[in-house]
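Heads up: the structure comes next, in structure tokens.
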Amino acid sequence: MLRRHHWTSLVAFTALSLALSVFPATPAAAAETDKLAQLDASLKLIPDDAAFYSAMLRNREQIEIIRKSKAWARLCQMPVVQMGLALYQMQQASPDTPAGKLNEALNNPEVRKIVDLLADMTSDEIFIYGDEGWVKTVDLFQKLNAANTYAPLLALVTDGPAAVNNANAKGKAVIAALADDLESLEMPGLVLGFKLKNADLAKEQLIKLETIGNLVLETNENTKGRFKKQKLGSHDFLVLELDGGMIPWDEVPLDKFKEMEAEEGDVEKIVDHLKESKLVVALGLRDNYLLISIGSSTDPLEKLGSKDRLIDSDAFKPLDRFADRRLTSIGYVSEEMNQQLHSNRQNLDNLAQLAHEALGHSQLPEAKKNKILTDVQALAKDAQKMIPEVEAAMSFSFLTDRGLEGYQYAWGDHGRFDGTQSLSLLHHIGGNPIVALVARQNLSLTDYDVVSRWAKTGYDYFEEFALPAIPEADREKVKKLVALAMPLVRRFDKANREMLIPAMADGQVGLVLDGKLTSNRFLASQPATKTAMPMVEPALIFGISNADLLKKAFAEYRAIVNGLIDVGRQVDGSKIPTDVQLPAPKTTSDPLGTIYSYEFPAEWGVDQKIVFNIGVSDKVAAITISHDHTRRLLQKTPPAVSGVLTQLDRPLACAGWFDWAALMDKISPWADFAIEQAAASRNQDGDHVKTIADQVHTALDLLKCFRAASSETYVEDDVLVQHELFEFRDLAQ
């Protein structure tokens, strides 16, 4: 809702996160506050205790930009579009077709008014606001998810292997979680609003809706007296109030649920609470906003426009500088709600609570129960230290001459992100790649120690609870395998601690996609092309602190892998051939560094340019599928990217670039090749092929109107800020 996840995946080690920052106070603060005071948006109505708020603005203006563009005109001129429009117009002439019926309905004056109202509702601003009740609701969802996820594991520990596949295990945990938190079963408040230009049209439809509601609902015994017009503040709303007692509980198979109770009476407690719960739906006008409210009361509506407003909170100070821009979106998530949405911490608390409840019903010895509970609580505590403590988050975007620009802000702990230095890896992305994502993290041996320690504890529990459940013949094989592999596991741990982690202390990691690799035939099974075709080249890059240690780690990992293969051979029944092992890579010395390669077997028919390899220089390591790409990445080259990435030598935590237009250029020759192959297989004539090719190229040209996306993430005033730009360019003609 709040965030757009355009840069959220950065390969195993990182992810381009939410971002965020507060602009420092300056002498111009009063003038900036004046800008915010003049903002014409629903944000001014939202109370400061909102759990979340999101608004889309200038909807019609954005649609009009597209409608008036040369790209839209070109799209409408495409033969396939013209053909579709002609077919639709033909169907409109027949009243029995869907198009004809739709046309007839649209010509009805009453239907036309509804359509006009819907168009008005979506033309300017649409917002959604959730009250603080959503924090409890999401918390309950997290508890139920934890109960459903961890119930089989706890059943294994508390009741033995036979209980793992018991269908009642999850049901018992979920019912217990519900019964333990009945207050969170209340319906949270949600308000959906639409800004109107023609409020009179909405008033007319509300009058009609009131008449229909009275006719339908007041004549039904179940709903009589539950629908009425009510004044909330100084505004009239149509209100429908329902409750859980209206549910036909006698038709619900409660006995089946009672069979899964951890405590007798849990299901009855839940049902009794639900019978008393309420659902209130309200619809009405507040000035030029059409509002729809859903919740356990009308409180969210009545709190709109209260004295304590969200817009006056510190979270919206960054918007001061941009409030006079052509805003297209505003978003907010409170600290409490954000902590629930980033549920890793909460899940750990829920696991500890669930373990406490499950152990209370277990037949295990008391000492065993205490040990398990102590371990679970310690695990939750250790893991929580590794998880960032998030606070409130806010974002906004606005139209510019270049496209859509936006900022995202998040307060709290920045986690592993390190924004204290410039990202030197940006000079090792090969100049002008299609995609480049680079980030720096703080790598911690302490965190590795925690993971290592709990991996050992996990194995101890496996030995105690899971291993006895394995059939005896297989159990002995597992024991032998573990005994033989354990020295290699310790060797692996030592290599991580003493080689890999120190070698990677720089903390930078990146993903690069390029497209400079070309060939007439990448695979022997592929038809040869007339001209060399491009191929997308993926790569991972890393900042290196100690190249010698990294090289030693490579050699050690290879030895460990071969050792594990040997261990597998020693297990009874093994069919691993004696000559199977991970061979030493081909080593090539290059002025830029050392390249370690594994060539594909000749019988695979892979172009010789494609080679899995790892290049290592003094400061950079690159994993690619071609030597040329590796050399481009090891070479220090000024990055030829643009957008918001204009000051690359300043401290940054993350940076991202996506050249969409370049990707379309790489796809274009492949589209031509596919058309030619399809035409040849169907014996199609040249004119037909040209018509198809022209339309495909037109479509690619239209897609290239989105040019590129760029993003930078940095720390400012102890707040993480993500600044992004999505560039669009209309067709030349």
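By convention here, the chains of the structure tokens are called A, B, ... in the order presented, each chain's residues are numbered starting at 1, and ligands are numbered starting at 1 in the order presented.
By only C-alpha atoms, and with residues fewer than 5 positions from A:Glu210 along its chain excluded, the set lying at most 12 Å from it is A:Lys203, A:Glu204, A:Gln205, A:Leu215, A:Val216, A:Leu217, A:Glu218, A:Phe227, A:Lys228, A:Lys229, A:Gln230, A:Asp236, A:Phe237, A:Leu238, A:Val239, A:Leu240, A:Ala282, A:Leu283, A:Gly284.
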Those residues with C-alpha atoms, as a PDB file, in the first residue's frame please?
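The file below, out_3.pdb, is the result:
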```pdb
ATOM      1  CA  LYS A 203     -26.536  13.517  -3.371  1.00  0.00           C
ATOM      2  CA  GLU A 204     -29.103  12.418  -5.952  1.00  0.00           C
ATOM      3  CA  GLN A 205     -27.785   8.838  -5.941  1.00  0.00           C
ATOM      4  CA  LEU A 215     -37.833  -0.717   0.834  1.00  0.00           C
ATOM      5  CA  VAL A 216     -35.583  -3.770   0.929  1.00  0.00           C
ATOM      6  CA  LEU A 217     -34.161  -3.786   4.465  1.00  0.00           C
ATOM      7  CA  GLU A 218     -37.106  -2.454   6.464  1.00  0.00           C
ATOM      8  CA  PHE A 227     -30.735   0.847   8.259  1.00  0.00           C
ATOM      9  CA  LYS A 228     -31.184   4.548   8.880  1.00  0.00           C
ATOM     10  CA  LYS A 229     -29.993   8.032   8.056  1.00  0.00           C
ATOM     11  CA  GLN A 230     -27.766   9.339  10.806  1.00  0.00           C
ATOM     12  CA  ASP A 236     -25.711  13.010   6.966  1.00  0.00           C
ATOM     13  CA  PHE A 237     -24.800   9.355   6.391  1.00  0.00           C
ATOM     14  CA  LEU A 238     -26.694   6.216   5.519  1.00  0.00           C
ATOM     15  CA  VAL A 239     -25.797   3.666   8.205  1.00  0.00           C
ATOM     16  CA  LEU A 240     -26.349  -0.110   8.210  1.00  0.00           C
ATOM     17  CA  ALA A 282     -21.806   4.006   6.514  1.00  0.00           C
ATOM     18  CA  LEU A 283     -22.052   5.975   3.262  1.00  0.00           C
ATOM     19  CA  GLY A 284     -22.392   9.706   2.822  1.00  0.00           C
TER      20      GLY A 284
END
```
Legend entry - Option closest in space to A:Val641, from A:Thr97, A:Gln91, A:Ser710, A:Thr298 [counting only C-alpha atoms]: A:Ser710
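Compared by their closest atoms to A:Asp243, and using only C-alpha atoms, the residues A:Glu302, A:Asp272, A:Glu259, A:Glu676 rank with A:Asp272 nearest.
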Legend entry - All residues 9 Å or closer to stretch 195-202 of chain A, only C-alpha atoms, same chain fewer than 2 positions away omitted, as a VMD selection string: chain A and resid 41 to 42 113 to 114 116 to 117 120 to 127 193 204 to 207 284 to 285 287 to 291
Inset, instruction - Pick out the closest residue to A:Gly543 from this set: A:Leu144, A:Leu702, A:Ala466, A:Leu423. Count only C-alpha atoms. - result: A:Leu423
Inset, instruction - Might you pull out every residue within 10 Å of A:Asn338, with only C-alpha atoms counted and same-chain residues fewer than 6 positions away left off, and present them as an MDAnalysis selection string? - result: chainID A and resid 51:52 135 332 389:393 410
Inset, instruction - Might you pull out every residue within 9 Å of A:Glu556, with only C-alpha atoms counted and same-chain residues fewer than 5 positions away left off, and present them as a VMD selection string? - result: chain A and resid 491 to 492 495 551 561
Restrict the selected residues to C-alpha atoms and save them as an mmCIF file, in the first residue's frame.
```
data_model
loop_
_atom_site.group_PDB
_atom_site.id
_atom_site.type_symbol
_atom_site.label_atom_id
_atom_site.label_comp_id
_atom_site.auth_asym_id
_atom_site.auth_seq_id
_atom_site.Cartn_x
_atom_site.Cartn_y
_atom_site.Cartn_z
ATOM 1 C CA ARG A 491 36.003 -27.121 8.567
ATOM 2 C CA PHE A 492 33.269 -25.220 6.700
ATOM 3 C CA ALA A 495 36.514 -21.259 6.518
ATOM 4 C CA LYS A 551 40.965 -17.221 -2.952
ATOM 5 C CA VAL A 561 32.508 -30.361 -1.328
#
```
Inset, instruction - Run DSSP on the backbone and grab whatever in stretch 163-343 of chain A lands in helix (DSSP H, G or I); send it over as a VMD selection string. - result: chain A and resid 163 167 to 180 182 to 185 199 to 217 244 to 246 249 to 251 254 to 258 266 to 276 299 to 303 310 to 312 314 to 322 335 to 341
Inset, instruction - Looking only at strand (DSSP E or B) from DSSP on the backbone, list the matching residues of stretch 480-656 of chain A as an MDAnalysis selection string. - result: chainID A and resid 508:519 523 533:543 586:590 593:598 606 612:616 620:624 654:656
Legend entry - Selection: 12 Å around A:Gln677, only C-alpha atoms, excl. self and same-chain fewer than 4 positions, as an NGL selection string: :A and (526-529 or 670-673 or 681-684 or 689)
Inset, instruction - Write out as a PyMOL selection string which residues come within 8 Å of A:Tyr596 when counting only C-alpha atoms, dropping same-chain ones fewer than 6 positions away. - result: chain A and resi 585-588+613-615
